[in-house]
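Q: Next comes structure.txt, compact mmCIF, C-alpha atoms and all ligand atoms:
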```
# COMPACT_ATOMS: atom_id res chain seq x y z
CA MET A 31 -0.24 -20.36 18.45
CA SER A 32 3.22 -21.68 17.82
CA SER A 33 6.78 -20.39 17.58
CA ALA A 34 7.33 -16.63 17.90
CA LEU A 35 3.60 -16.05 18.12
CA THR A 36 3.32 -18.19 21.24
CA GLY A 37 2.13 -16.33 24.27
CA LEU A 38 0.77 -13.32 22.42
CA SER A 39 -2.80 -14.44 22.89
CA ARG A 40 -4.75 -17.10 24.76
CA TYR A 41 -6.75 -18.18 21.71
CA PRO A 42 -5.66 -18.74 18.08
CA ILE A 43 -7.92 -15.94 16.88
CA VAL A 44 -6.59 -12.80 15.19
CA GLN A 45 -8.69 -9.75 14.38
CA ALA A 46 -7.59 -8.68 10.90
CA PRO A 47 -6.15 -5.24 10.35
CA MET A 48 -8.76 -3.32 8.35
CA ALA A 49 -7.68 -0.01 6.86
CA GLY A 50 -10.36 2.56 6.19
CA GLY A 51 -11.54 2.92 9.79
CA ALA A 52 -12.80 -0.50 10.94
CA SER A 53 -9.90 -1.66 13.11
CA ARG A 54 -9.94 1.10 15.71
CA PRO A 55 -8.05 0.87 19.02
CA GLN A 56 -11.27 -0.04 20.87
CA LEU A 57 -11.75 -3.05 18.58
CA ALA A 58 -8.19 -4.30 19.08
CA ALA A 59 -8.49 -3.69 22.85
CA ALA A 60 -11.76 -5.65 23.09
CA VAL A 61 -10.37 -8.57 21.08
CA GLY A 62 -7.17 -8.60 23.15
CA ALA A 63 -9.06 -8.47 26.45
CA ALA A 64 -11.10 -11.51 25.37
CA GLY A 65 -7.96 -13.54 24.58
CA GLY A 66 -7.56 -12.90 20.83
CA LEU A 67 -4.91 -10.83 19.07
CA GLY A 68 -6.07 -7.41 17.86
CA PHE A 69 -4.54 -5.39 15.03
CA LEU A 70 -4.35 -1.73 14.10
CA ALA A 71 -4.24 -0.83 10.40
CA ALA A 72 -1.70 1.83 9.49
CA GLY A 73 -2.69 1.83 5.81
CA TYR A 74 -3.87 5.22 4.42
CA LYS A 75 -3.02 6.93 7.74
CA THR A 76 -0.29 9.47 8.33
CA PRO A 77 2.58 8.26 10.53
CA ALA A 78 1.35 10.63 13.27
CA ALA A 79 -2.20 9.22 13.10
CA MET A 80 -0.81 5.67 13.27
CA TYR A 81 1.21 6.57 16.37
CA GLU A 82 -1.81 8.26 18.01
CA GLU A 83 -3.79 5.02 17.59
CA ILE A 84 -0.96 2.98 19.12
CA LYS A 85 -0.86 5.30 22.14
CA HIS A 86 -4.64 5.27 22.39
CA LEU A 87 -4.65 1.45 22.40
CA ARG A 88 -1.88 1.26 25.00
CA ALA A 89 -3.84 3.66 27.23
CA GLN A 90 -6.86 1.31 27.10
CA SER A 91 -5.15 -2.03 27.33
CA ASP A 92 -1.87 -3.74 28.15
CA VAL A 93 -2.43 -6.84 26.00
CA PRO A 94 -0.22 -7.55 22.97
CA PHE A 95 -1.38 -6.27 19.58
CA GLY A 96 -0.14 -5.86 16.03
CA VAL A 97 0.22 -3.02 13.54
CA ASN A 98 -0.17 -3.61 9.81
CA LEU A 99 1.82 -1.72 7.18
CA PHE A 100 1.27 -1.37 3.43
CA MET A 101 4.43 -1.94 1.40
CA PRO A 102 5.36 0.88 -1.02
CA GLN A 103 4.14 0.30 -4.57
CA PRO A 104 6.24 0.55 -7.72
CA ALA A 105 5.40 3.51 -9.95
CA THR A 106 4.68 1.18 -12.86
CA SER A 107 1.11 2.01 -13.66
CA ASP A 108 0.19 3.49 -17.00
CA PRO A 109 -0.79 7.17 -16.47
CA SER A 110 -2.81 7.23 -19.68
CA ALA A 111 -4.97 4.32 -18.43
CA VAL A 112 -5.61 6.29 -15.25
CA ALA A 113 -6.55 9.37 -17.31
CA VAL A 114 -9.02 7.28 -19.35
CA TYR A 115 -10.54 5.88 -16.15
CA ALA A 116 -10.89 9.41 -14.80
CA GLU A 117 -12.94 10.29 -17.91
CA GLN A 118 -15.06 7.18 -17.39
CA LEU A 119 -15.75 8.34 -13.81
CA ALA A 120 -16.83 11.84 -14.85
CA GLY A 121 -20.53 10.93 -14.50
CA GLU A 122 -19.88 9.74 -10.90
CA ALA A 123 -18.14 13.03 -10.05
CA ALA A 124 -21.14 14.94 -11.42
CA TRP A 125 -23.66 12.69 -9.64
CA TYR A 126 -21.96 12.95 -6.24
CA GLU A 127 -21.00 16.61 -6.88
CA THR A 128 -17.43 15.78 -5.87
CA PRO A 129 -14.22 16.23 -7.85
CA LEU A 130 -12.06 13.20 -8.51
CA GLY A 131 -8.94 12.98 -6.36
CA ASP A 132 -5.37 13.49 -7.54
CA PRO A 133 -4.11 10.06 -8.62
CA ASP A 134 -0.54 11.11 -7.90
CA SER A 135 -1.02 11.65 -4.17
CA GLY A 136 1.77 9.19 -3.32
CA ASN A 137 2.41 5.47 -3.62
CA ASP A 138 4.57 4.67 -0.58
CA ASP A 139 1.95 5.12 2.19
CA ALA A 140 4.75 6.80 4.24
CA TYR A 141 6.24 3.34 4.81
CA GLU A 142 9.70 4.49 5.93
CA ALA A 143 8.33 7.03 8.41
CA LYS A 144 5.91 4.48 9.90
CA LEU A 145 8.65 1.90 10.16
CA ALA A 146 10.92 4.42 11.91
CA ILE A 147 8.23 4.97 14.58
CA LEU A 148 7.77 1.21 15.04
CA LEU A 149 11.52 0.72 15.47
CA ASP A 150 11.77 3.63 17.87
CA ASP A 151 8.79 2.59 20.02
CA PRO A 152 8.28 -1.12 19.28
CA VAL A 153 4.97 -2.99 19.25
CA PRO A 154 4.58 -6.77 19.74
CA VAL A 155 3.73 -7.64 16.10
CA VAL A 156 4.12 -5.92 12.73
CA SER A 157 2.48 -7.41 9.65
CA PHE A 158 3.00 -6.38 6.03
CA THR A 159 0.74 -6.52 3.02
CA PHE A 160 1.14 -5.75 -0.73
CA GLY A 161 4.74 -6.89 -0.69
CA CYS A 162 7.60 -8.33 1.29
CA PRO A 163 9.90 -6.29 3.53
CA THR A 164 13.65 -6.64 3.15
CA ARG A 165 15.72 -8.93 5.35
CA ALA A 166 17.23 -5.81 6.94
CA VAL A 167 13.75 -4.63 8.01
CA CYS A 168 12.81 -8.05 9.47
CA GLU A 169 16.13 -8.19 11.33
CA ALA A 170 15.78 -4.64 12.66
CA LEU A 171 12.28 -5.45 13.96
CA ALA A 172 13.53 -8.72 15.46
CA ARG A 173 16.26 -6.80 17.31
CA VAL A 174 13.64 -4.63 19.02
CA GLY A 175 11.60 -7.72 19.94
CA THR A 176 8.85 -7.41 17.31
CA VAL A 177 7.37 -10.48 15.63
CA THR A 178 7.04 -10.03 11.85
CA VAL A 179 4.27 -11.46 9.68
CA VAL A 180 4.03 -11.18 5.87
CA THR A 181 0.75 -11.67 4.03
CA VAL A 182 1.07 -14.18 1.19
CA THR A 183 -1.33 -15.38 -1.50
CA THR A 184 0.99 -17.82 -3.33
CA VAL A 185 3.78 -20.28 -2.56
CA GLU A 186 6.31 -17.96 -4.25
CA GLU A 187 5.35 -15.12 -1.92
CA ALA A 188 5.68 -17.45 1.09
CA LEU A 189 9.19 -18.41 -0.08
CA ALA A 190 10.06 -14.71 -0.38
CA ALA A 191 8.76 -14.05 3.16
CA HIS A 192 10.82 -16.93 4.50
CA ALA A 193 13.93 -15.72 2.66
CA ALA A 194 13.43 -12.24 4.12
CA GLY A 195 13.42 -13.68 7.64
CA ALA A 196 9.74 -13.16 8.55
CA ASP A 197 8.62 -14.97 11.71
CA ALA A 198 5.28 -16.07 10.24
CA VAL A 199 3.11 -15.76 7.16
CA CYS A 200 -0.53 -14.75 6.95
CA VAL A 201 -1.90 -17.05 4.26
CA GLN A 202 -4.72 -15.18 2.55
CA GLY A 203 -7.15 -17.20 0.46
CA ILE A 204 -9.14 -15.88 -2.46
CA GLU A 205 -12.25 -15.87 -0.20
CA ALA A 206 -10.89 -12.94 1.83
CA GLY A 207 -12.64 -9.59 2.16
CA GLY A 208 -10.80 -6.42 1.18
CA HIS A 209 -7.60 -6.32 -0.85
CA GLN A 210 -5.65 -9.36 -1.82
CA GLY A 211 -2.21 -8.89 -0.29
CA THR A 212 -0.52 -10.07 -3.50
CA HIS A 213 3.07 -8.83 -3.57
CA ARG A 214 2.92 -7.57 -7.16
CA ASP A 215 -0.31 -6.91 -8.98
CA ASP A 216 0.57 -8.47 -12.30
CA PRO A 217 -2.54 -9.33 -14.33
CA HIS A 218 -0.42 -11.31 -16.80
CA ALA A 219 1.01 -13.57 -14.11
CA GLN A 220 -2.28 -14.13 -12.35
CA GLY A 221 -5.69 -13.22 -13.73
CA MET A 222 -8.23 -11.66 -11.39
CA GLY A 223 -10.00 -14.31 -9.40
CA ALA A 224 -7.41 -16.96 -10.29
CA GLY A 225 -6.08 -17.01 -6.72
CA LEU A 226 -6.12 -20.08 -4.54
CA GLY A 227 -8.76 -21.11 -2.03
CA LEU A 228 -7.61 -21.03 1.59
CA LEU A 229 -7.47 -24.77 2.32
CA ALA A 230 -5.41 -25.53 -0.80
CA LEU A 231 -3.11 -22.58 -0.12
CA ILE A 232 -2.47 -23.58 3.51
CA GLU A 233 -1.34 -27.03 2.46
CA LEU A 234 0.84 -25.71 -0.39
CA VAL A 235 2.52 -23.10 1.82
CA ARG A 236 2.99 -25.60 4.64
CA ASP A 237 4.83 -27.86 2.23
CA ALA A 238 7.05 -25.00 1.07
CA VAL A 239 8.09 -23.07 4.19
CA PRO A 240 8.72 -24.08 7.82
CA LEU A 241 6.95 -21.01 9.27
CA PRO A 242 3.84 -20.73 11.44
CA LEU A 243 0.79 -19.84 9.35
CA ILE A 244 -2.07 -17.52 10.13
CA ALA A 245 -5.01 -18.43 7.89
CA ALA A 246 -7.32 -15.73 6.49
CA GLY A 247 -10.27 -15.66 4.14
CA GLY A 248 -13.97 -16.32 4.59
CA LEU A 249 -13.68 -17.49 8.22
CA MET A 250 -16.78 -16.55 10.21
CA ARG A 251 -17.43 -19.44 12.61
CA GLY A 252 -15.47 -21.55 15.08
CA THR A 253 -16.11 -24.63 12.95
CA GLN A 254 -14.13 -23.02 10.11
CA ILE A 255 -11.36 -22.05 12.53
CA ALA A 256 -11.22 -25.71 13.60
CA ALA A 257 -10.84 -26.65 9.93
CA VAL A 258 -7.87 -24.34 9.26
CA LEU A 259 -6.17 -25.38 12.51
CA ALA A 260 -6.65 -29.02 11.52
CA ALA A 261 -5.08 -28.17 8.14
CA GLY A 262 -1.97 -26.90 9.90
CA ALA A 263 -2.54 -23.20 10.57
CA SER A 264 -1.42 -21.85 13.95
CA ALA A 265 -4.18 -19.23 14.07
CA ALA A 266 -7.11 -17.83 12.11
CA GLN A 267 -7.41 -14.19 11.07
CA LEU A 268 -10.94 -12.80 10.67
CA GLY A 269 -11.86 -9.47 9.11
CA THR A 270 -15.49 -9.43 7.97
CA ALA A 271 -16.62 -11.20 11.17
CA PHE A 272 -15.21 -8.34 13.30
CA LEU A 273 -16.20 -5.56 10.89
CA VAL A 274 -19.81 -5.59 12.12
CA CYS A 275 -18.93 -5.39 15.84
CA PRO A 276 -19.96 -2.21 17.66
CA GLU A 277 -16.28 -1.43 18.41
CA SER A 278 -15.45 -1.46 14.68
CA GLY A 279 -15.26 1.97 13.07
CA ALA A 280 -16.65 0.78 9.74
CA HIS A 281 -19.44 2.97 8.37
CA GLU A 282 -22.90 1.91 9.57
CA LEU A 283 -24.03 1.35 5.96
CA HIS A 284 -21.06 -0.94 5.38
CA LYS A 285 -21.91 -2.92 8.53
CA ARG A 286 -25.57 -3.25 7.59
CA ALA A 287 -24.78 -4.26 4.00
CA MET A 288 -23.03 -7.45 5.21
CA THR A 289 -26.34 -9.17 5.95
CA ASP A 290 -28.58 -7.08 3.67
CA THR A 291 -30.17 -9.52 1.25
CA THR A 292 -30.05 -6.88 -1.52
CA PHE A 293 -26.38 -7.81 -1.82
CA THR A 294 -26.28 -11.37 -2.99
CA ARG A 295 -22.60 -11.89 -3.70
CA THR A 296 -19.06 -10.58 -3.51
CA GLU A 297 -16.63 -9.98 -6.35
CA LEU A 298 -12.96 -9.16 -6.78
CA THR A 299 -12.62 -5.74 -8.36
CA ARG A 300 -10.14 -2.99 -9.24
CA ALA A 301 -12.98 -0.45 -9.54
CA PHE A 302 -12.26 1.41 -6.29
CA SER A 303 -8.50 1.17 -5.84
CA GLY A 304 -6.84 -0.27 -8.96
CA ARG A 305 -5.85 -3.48 -7.12
CA PRO A 306 -7.99 -6.62 -6.74
CA ALA A 307 -10.13 -6.42 -3.63
CA ARG A 308 -13.25 -8.35 -2.63
CA GLY A 309 -16.41 -6.40 -1.95
CA LEU A 310 -20.17 -6.73 -2.17
CA ALA A 311 -21.26 -6.41 -5.79
CA ASN A 312 -22.94 -2.99 -5.87
CA ARG A 313 -23.68 -0.54 -8.68
CA PHE A 314 -20.22 1.12 -8.74
CA LEU A 315 -18.41 -2.21 -8.77
CA ARG A 316 -20.62 -3.65 -11.52
CA GLU A 317 -20.41 -0.56 -13.74
CA HIS A 318 -16.72 0.28 -13.44
CA GLY A 319 -15.11 -3.02 -12.46
CA PRO A 320 -14.97 -4.38 -16.04
CA TYR A 321 -12.63 -1.61 -17.27
CA ALA A 322 -10.88 -0.32 -14.12
CA PRO A 323 -7.10 -0.19 -14.80
CA VAL A 324 -4.24 -1.94 -13.00
CA ALA A 325 -3.19 1.19 -11.10
CA TYR A 326 -2.91 1.02 -7.32
CA PRO A 327 -2.92 3.34 -5.45
CA GLN A 328 -3.66 5.89 -8.20
CA VAL A 329 -7.26 4.68 -8.57
CA HIS A 330 -7.63 4.63 -4.77
CA HIS A 331 -6.75 8.34 -4.69
CA LEU A 332 -8.97 9.04 -7.70
CA THR A 333 -12.11 7.53 -6.12
CA SER A 334 -11.49 8.54 -2.50
CA GLY A 335 -13.79 11.60 -2.59
CA LEU A 336 -16.51 9.72 -4.48
CA ARG A 337 -16.60 6.96 -1.85
CA LYS A 338 -16.81 9.49 0.98
CA ALA A 339 -19.55 11.43 -0.81
CA ALA A 340 -21.55 8.24 -1.39
CA ALA A 341 -21.27 7.39 2.32
CA GLN A 342 -22.35 10.90 3.30
CA ALA A 343 -25.30 10.66 0.92
CA GLY A 344 -26.30 7.34 2.54
CA ASP A 345 -25.74 5.50 -0.74
CA PRO A 346 -24.10 2.07 -0.31
CA GLN A 347 -24.19 1.59 -4.10
CA GLY A 348 -21.25 4.00 -4.45
CA MET A 349 -19.19 2.80 -1.49
CA ALA A 350 -16.42 0.19 -1.34
CA LEU A 351 -18.25 -2.46 0.70
CA TRP A 352 -15.30 -4.76 1.35
CA ALA A 353 -16.52 -8.18 2.44
CA GLY A 354 -15.32 -11.77 2.48
CA GLN A 355 -17.27 -14.61 0.92
CA GLY A 356 -18.76 -15.52 4.30
CA HIS A 357 -20.34 -12.09 4.88
CA ARG A 358 -23.87 -13.43 5.29
CA LEU A 359 -22.68 -15.28 8.40
CA ALA A 360 -21.75 -11.99 10.12
CA ARG A 361 -23.14 -11.64 13.65
CA GLU A 362 -23.39 -8.23 15.24
CA MET A 363 -22.20 -8.54 18.82
CA PRO A 364 -19.49 -6.97 21.00
CA ALA A 365 -16.05 -8.09 19.83
CA GLY A 366 -15.14 -9.74 23.15
CA HIS A 367 -18.35 -11.74 23.05
CA LEU A 368 -17.65 -12.75 19.44
CA VAL A 369 -14.21 -14.08 20.45
CA GLN A 370 -15.84 -16.18 23.17
CA VAL A 371 -18.55 -17.48 20.82
CA LEU A 372 -15.88 -18.43 18.26
CA VAL A 373 -13.85 -20.22 20.95
CA ASP A 374 -16.95 -22.14 22.14
CA GLU A 375 -17.74 -23.15 18.55
CA LEU A 376 -14.12 -24.16 17.98
CA GLU A 377 -14.13 -26.36 21.07
CA ALA A 378 -17.48 -27.90 20.16
CA ALA A 379 -16.20 -28.62 16.65
CA ARG A 380 -13.08 -30.27 18.02
CA ALA A 381 -15.12 -32.38 20.44
CA GLY A 382 -17.49 -33.38 17.64
CA LEU A 383 -14.58 -34.33 15.42
CA ALA A 384 -12.98 -36.40 18.18
CA ALA A 385 -16.29 -38.18 18.83
CA ARG A 386 -16.83 -38.91 15.13
CA ALA A 387 -13.23 -40.08 14.80
CA GLY A 388 -13.90 -42.45 17.70
CA LEU A 389 -16.96 -43.85 15.94
CA ALA A 390 -15.09 -44.21 12.68
CA ALA A 391 -12.04 -45.85 14.25
CA PRO A 392 -11.82 -49.58 13.63
CA GLN A 393 -13.29 -51.40 16.60
CA PRO A 394 -10.90 -53.82 18.35
CA ARG A 395 -11.59 -57.22 16.84
CA SER A 396 -12.66 -59.90 19.22
CA GLY A 397 -10.29 -62.78 19.61
CA ALA A 398 -11.00 -66.08 17.82
CA GLY A 399 -11.81 -67.72 21.12
CA ASP A 400 -14.68 -65.28 21.63
CA VAL A 401 -16.52 -66.43 18.56
CA ALA A 402 -19.73 -68.04 19.67
C1 LIG A 501 -12.71 -3.76 5.37
C2 LIG A 501 -11.44 -4.53 5.24
C3 LIG A 501 -10.23 -3.86 5.27
C4 LIG A 501 -9.02 -4.56 5.19
N1 LIG A 501 -7.84 -3.89 5.31
C5 LIG A 501 -6.68 -4.60 5.41
C6 LIG A 501 -5.46 -3.93 5.72
O1 LIG A 501 -5.42 -2.73 5.95
N2 LIG A 501 -4.33 -4.68 5.78
C7 LIG A 501 -4.35 -6.05 5.58
O2 LIG A 501 -3.30 -6.67 5.68
N3 LIG A 501 -5.49 -6.68 5.29
C8 LIG A 501 -6.65 -5.99 5.21
N4 LIG A 501 -7.82 -6.66 4.96
C9 LIG A 501 -7.78 -8.12 4.71
C10 LIG A 501 -7.73 -8.90 6.03
O3 LIG A 501 -6.45 -8.83 6.59
C11 LIG A 501 -8.07 -10.39 5.84
O4 LIG A 501 -7.22 -10.97 4.91
C12 LIG A 501 -9.50 -10.61 5.42
O5 LIG A 501 -10.39 -9.79 6.13
C13 LIG A 501 -9.88 -12.06 5.64
O6 LIG A 501 -11.07 -12.37 5.03
P1 LIG A 501 -12.50 -12.21 5.76
O7 LIG A 501 -12.83 -10.75 5.65
O8 LIG A 501 -13.39 -13.06 4.96
O9 LIG A 501 -12.34 -12.63 7.18
C14 LIG A 501 -9.05 -5.97 5.03
C15 LIG A 501 -10.27 -6.64 4.99
C16 LIG A 501 -11.45 -5.95 5.10
C17 LIG A 501 -12.76 -6.72 5.09
```
Just give me the structure of the file as structure tokens.

A:
Amino acid sequence: MSSALTGLSRYPIVQAPMAGGASRPQLAAAVGAAGGLGFLAAGYKTPAAMYEEIKHLRAQSDVPFGVNLFMPQPATSDPSAVAVYAEQLAGEAAWYETPLGDPDSGNDDAYEAKLAILLDDPVPVVSFTFGCPTRAVCEALARVGTVTVVTVTTVEEALAAHAAGADAVCVQGIEAGGHQGTHRDDPHAQGMGAGLGLLALIELVRDAVPLPLIAAGGLMRGTQIAAVLAAGASAAQLGTAFLVCPESGAHELHKRAMTDTTFTRTELTRAFSGRPARGLANRFLREHGPYAPVAYPQVHHLTSGLRKAAAQAGDPQGMALWAGQGHRLAREMPAGHLVQVLVDELEAARAGLAARAGLAAPQPRSGAGDVA
């Protein structure tokens, strides 16, 4: 890795923060021990629970790691659209015998309180998604020695991250599993699914800002990591690939669904949270995705009980099965082993590329005197 990220890990491999339980301390510790950079996900957790995980990770490991924060969301959503969606979900509530959640359970994810903890007891890296922190926040984190990373899905967001003083950007392609980290969910500015593919986005962002890039979205193999490094990224961030590891806290049904041939494709949907996120196309997504409103995190709160009830009932058709486009390439193995396999594949890909480049290179022409 380059710049401020240098020295944080031996290999240019980052385990993505995955809110909802997957990126537990044991996953980040295993990735870190193997030479990658692990992340904890603070999203949806209380500040106290976030801090417990940090302490838990430090007790297991002394390698560097990151913590990911959700940016507070503007209270712009249309309450009547949320009320209509709640009516449309009434059949789900009856089926799973679970009331819908309160959509007004908060839209700031306790950002300020989490930030205060991270300034008081600093961690090596803090990354942000769903928005861009202020310059004051980036500077305060820099003063305590923390590297800051902002997730971006467009050139404009990368420019905002640079202007705010972030140390690096995590460039998230449309292929990525889970939520798009788009700074503002504006369906008029960008239709669902209109986002950029990772390789195009890397090049566009590289042209626009002089910051190190971490590439994310659909990366499952070392060959793909070689491709994004060749395109100019300093590191690759993988979520779905690590989700199936035994150290991941993702639900067993979620892990199994990644390679279950019943699920043939992924889709971007607002059905579960009100913000575009990529998951396996299951019954809930297909039925409710077409009319789910632009209302994050209100819809997240609304469906939270339903998703838990579906998981408890052993029904993956009602769960949010977040997955990147490469999900079928998931390999279930200990996270440390996966890092090593990815590194071996990356090195083999680089060697193969060098050999092919050698073959393709123009051969030195023989001098005129050598002509027979
Ligand atoms: C289950 C799951 C949860 C995620 N949660 C977060 C999160 O809390 N914060 C974040 O910045 N990104 C989150 N992401 C997105 C990842 O950071 C990353 O962009 C994505 O996993 C890359 O695509 P891939 O899954 O195809 O590797 C999540 C992804 C998944 C699959």

Q: With all atoms listed in the file counted and 8 Å as the cut-off, give the residues of region 118-224 of chain A in contact with region 87-99 of chain A, each with its shortest interatomic distance in Å and the pair that gives it, as a tab-separated table.

A:
```
residue	atom	partner	partner_atom	distance
A:Tyr141	CA	A:Leu99	CA	7.1
A:Lys144	CA	A:Leu99	CA	7.9
A:Val153	CA	A:Gly96	CA	6.7
A:Pro154	CA	A:Pro94	CA	5.8
A:Val155	CA	A:Gly96	CA	4.3
A:Val156	CA	A:Val97	CA	4.9
A:Ser157	CA	A:Asn98	CA	4.6
A:Phe158	CA	A:Leu99	CA	4.9
A:Thr159	CA	A:Leu99	CA	6.4
```

Q: Rank A:Arg361, A:His209, A:Arg214, A:His86 by their smallest atom-to-atom distance to ligand LIG 501 (chain A), using all atoms listed in the file, and report the top residue only.

A: A:His209

Q: Between CA of Leu336 (chain A) and CA of Lys75 (chain A), what distance in Å does the model show, to one decimal?

A: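 So the answer is 18.4 Å.
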
Q: Residues at most 9 Å from Leu229 (chain A), counting only C-alpha atoms, excluding those fewer than 6 positions away in the same chain, as an mmCIF file with C-alpha atoms, in the frame of the given file?

A:
```cif
data_model
loop_
_atom_site.group_PDB
_atom_site.id
_atom_site.type_symbol
_atom_site.label_atom_id
_atom_site.label_comp_id
_atom_site.auth_asym_id
_atom_site.auth_seq_id
_atom_site.Cartn_x
_atom_site.Cartn_y
_atom_site.Cartn_z
ATOM 1 C CA GLY A 203 -7.150 -17.200 0.460
ATOM 2 C CA ALA A 245 -5.010 -18.430 7.890
ATOM 3 C CA ALA A 257 -10.840 -26.650 9.930
ATOM 4 C CA VAL A 258 -7.870 -24.340 9.260
ATOM 5 C CA ALA A 261 -5.080 -28.170 8.140
#
```

Q: Determine, counting all atoms listed in the file, which protein, DNA and RNA residues have an atom within 12 Å of an atom of Asp151 (chain A); residues of the same chain fewer than 2 positions away are not included. Present the result as JSON, numbers by chain.

A: {"A": [81, 84, 85, 88, 144, 145, 146, 147, 148, 149, 153, 154, 171, 174, 175, 176]}

Q: For Glu377 (chain A), which residue among A:Ala256, A:Leu283, A:Val61, A:Ala353 is the nearest when counting all atoms listed in the file?

A: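 Answer, going by the shortest atom-to-atom distance: A:Ala256.
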
Q: In terms of the shortest atom-to-atom distance over all atoms listed in the file, which of A:Pro276, A:Gly247, A:Gly121, A:Pro240 is closest to ligand LIG 501 (chain A)?

A: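 Residue with the minimum atom-to-atom distance to ligand LIG 501 (chain A): A:Gly247.
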
Q: Which is closest to ligand LIG 501 (chain A) among A:Met288, A:Ala246, A:Ala238, A:Leu310, if we use all atoms listed in the file?

A: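 Using all atoms listed in the file, the shortest distance to ligand LIG 501 (chain A) belongs to A:Ala246.
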
Q: If we count all atoms listed in the file and set the cut-off at 9 Å, which residues sit around region 321-326 of chain A, ignoring sequence neighbours fewer than 2 positions away in its own chain? Please answer as a list in words.

A: Gln103, Ala105, Thr106, Ser107, Asp108, Pro109, Ala111, Val112, Val114, Tyr115, Asn137, Asp215, Asp216, Pro217, Thr299, Arg300, Ala301, Phe302, Ser303, Gly304, Arg305, Pro306, Glu317, His318, Gly319, Gln328, Val329, His330 and His331 of chain A

Q: Since fewer atoms than expected are present, regenerate N, CA and C atoms for region 98-112 of chain A and write them as a PDB file, in the frame of the given file.

A:
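Now in rebuild_24.pdb:
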```
ATOM      1  N   ASN A  98      -0.345  -3.162  11.198  1.00  0.00           N
ATOM      2  CA  ASN A  98      -0.170  -3.610   9.810  1.00  0.00           C
ATOM      3  C   ASN A  98       0.267  -2.469   8.913  1.00  0.00           C
ATOM      4  N   LEU A  99       1.294  -2.737   8.110  1.00  0.00           N
ATOM      5  CA  LEU A  99       1.820  -1.720   7.180  1.00  0.00           C
ATOM      6  C   LEU A  99       1.582  -2.138   5.727  1.00  0.00           C
ATOM      7  N   PHE A 100       1.321  -1.147   4.883  1.00  0.00           N
ATOM      8  CA  PHE A 100       1.270  -1.370   3.430  1.00  0.00           C
ATOM      9  C   PHE A 100       2.685  -1.185   2.895  1.00  0.00           C
ATOM     10  N   MET A 101       3.115  -2.104   2.046  1.00  0.00           N
ATOM     11  CA  MET A 101       4.430  -1.940   1.400  1.00  0.00           C
ATOM     12  C   MET A 101       4.311  -0.877   0.293  1.00  0.00           C
ATOM     13  N   PRO A 102       5.391  -0.104   0.068  1.00  0.00           N
ATOM     14  CA  PRO A 102       5.360   0.880  -1.020  1.00  0.00           C
ATOM     15  C   PRO A 102       5.130   0.178  -2.362  1.00  0.00           C
ATOM     16  N   GLN A 103       4.473   0.884  -3.260  1.00  0.00           N
ATOM     17  CA  GLN A 103       4.140   0.300  -4.570  1.00  0.00           C
ATOM     18  C   GLN A 103       5.035   0.863  -5.660  1.00  0.00           C
ATOM     19  N   PRO A 104       5.424   0.027  -6.618  1.00  0.00           N
ATOM     20  CA  PRO A 104       6.240   0.550  -7.720  1.00  0.00           C
ATOM     21  C   PRO A 104       5.416   1.521  -8.565  1.00  0.00           C
ATOM     22  N   ALA A 105       6.102   2.523  -9.117  1.00  0.00           N
ATOM     23  CA  ALA A 105       5.400   3.510  -9.950  1.00  0.00           C
ATOM     24  C   ALA A 105       5.310   2.976 -11.377  1.00  0.00           C
ATOM     25  N   THR A 106       4.677   1.819 -11.530  1.00  0.00           N
ATOM     26  CA  THR A 106       4.680   1.180 -12.860  1.00  0.00           C
ATOM     27  C   THR A 106       3.391   1.399 -13.626  1.00  0.00           C
ATOM     28  N   SER A 107       2.403   1.984 -12.970  1.00  0.00           N
ATOM     29  CA  SER A 107       1.110   2.010 -13.660  1.00  0.00           C
ATOM     30  C   SER A 107       1.147   2.986 -14.841  1.00  0.00           C
ATOM     31  N   ASP A 108       0.248   2.744 -15.747  1.00  0.00           N
ATOM     32  CA  ASP A 108       0.190   3.490 -17.000  1.00  0.00           C
ATOM     33  C   ASP A 108      -0.659   4.759 -16.778  1.00  0.00           C
ATOM     34  N   PRO A 109      -0.037   5.949 -16.753  1.00  0.00           N
ATOM     35  CA  PRO A 109      -0.790   7.170 -16.470  1.00  0.00           C
ATOM     36  C   PRO A 109      -1.928   7.412 -17.453  1.00  0.00           C
ATOM     37  N   SER A 110      -1.738   6.974 -18.711  1.00  0.00           N
ATOM     38  CA  SER A 110      -2.810   7.230 -19.680  1.00  0.00           C
ATOM     39  C   SER A 110      -4.042   6.385 -19.359  1.00  0.00           C
ATOM     40  N   ALA A 111      -3.822   5.167 -18.815  1.00  0.00           N
ATOM     41  CA  ALA A 111      -4.970   4.320 -18.430  1.00  0.00           C
ATOM     42  C   ALA A 111      -5.723   4.968 -17.264  1.00  0.00           C
ATOM     43  N   VAL A 112      -4.970   5.615 -16.380  1.00  0.00           N
ATOM     44  CA  VAL A 112      -5.610   6.290 -15.250  1.00  0.00           C
ATOM     45  C   VAL A 112      -6.410   7.493 -15.757  1.00  0.00           C
TER      46      VAL A 112
END
```
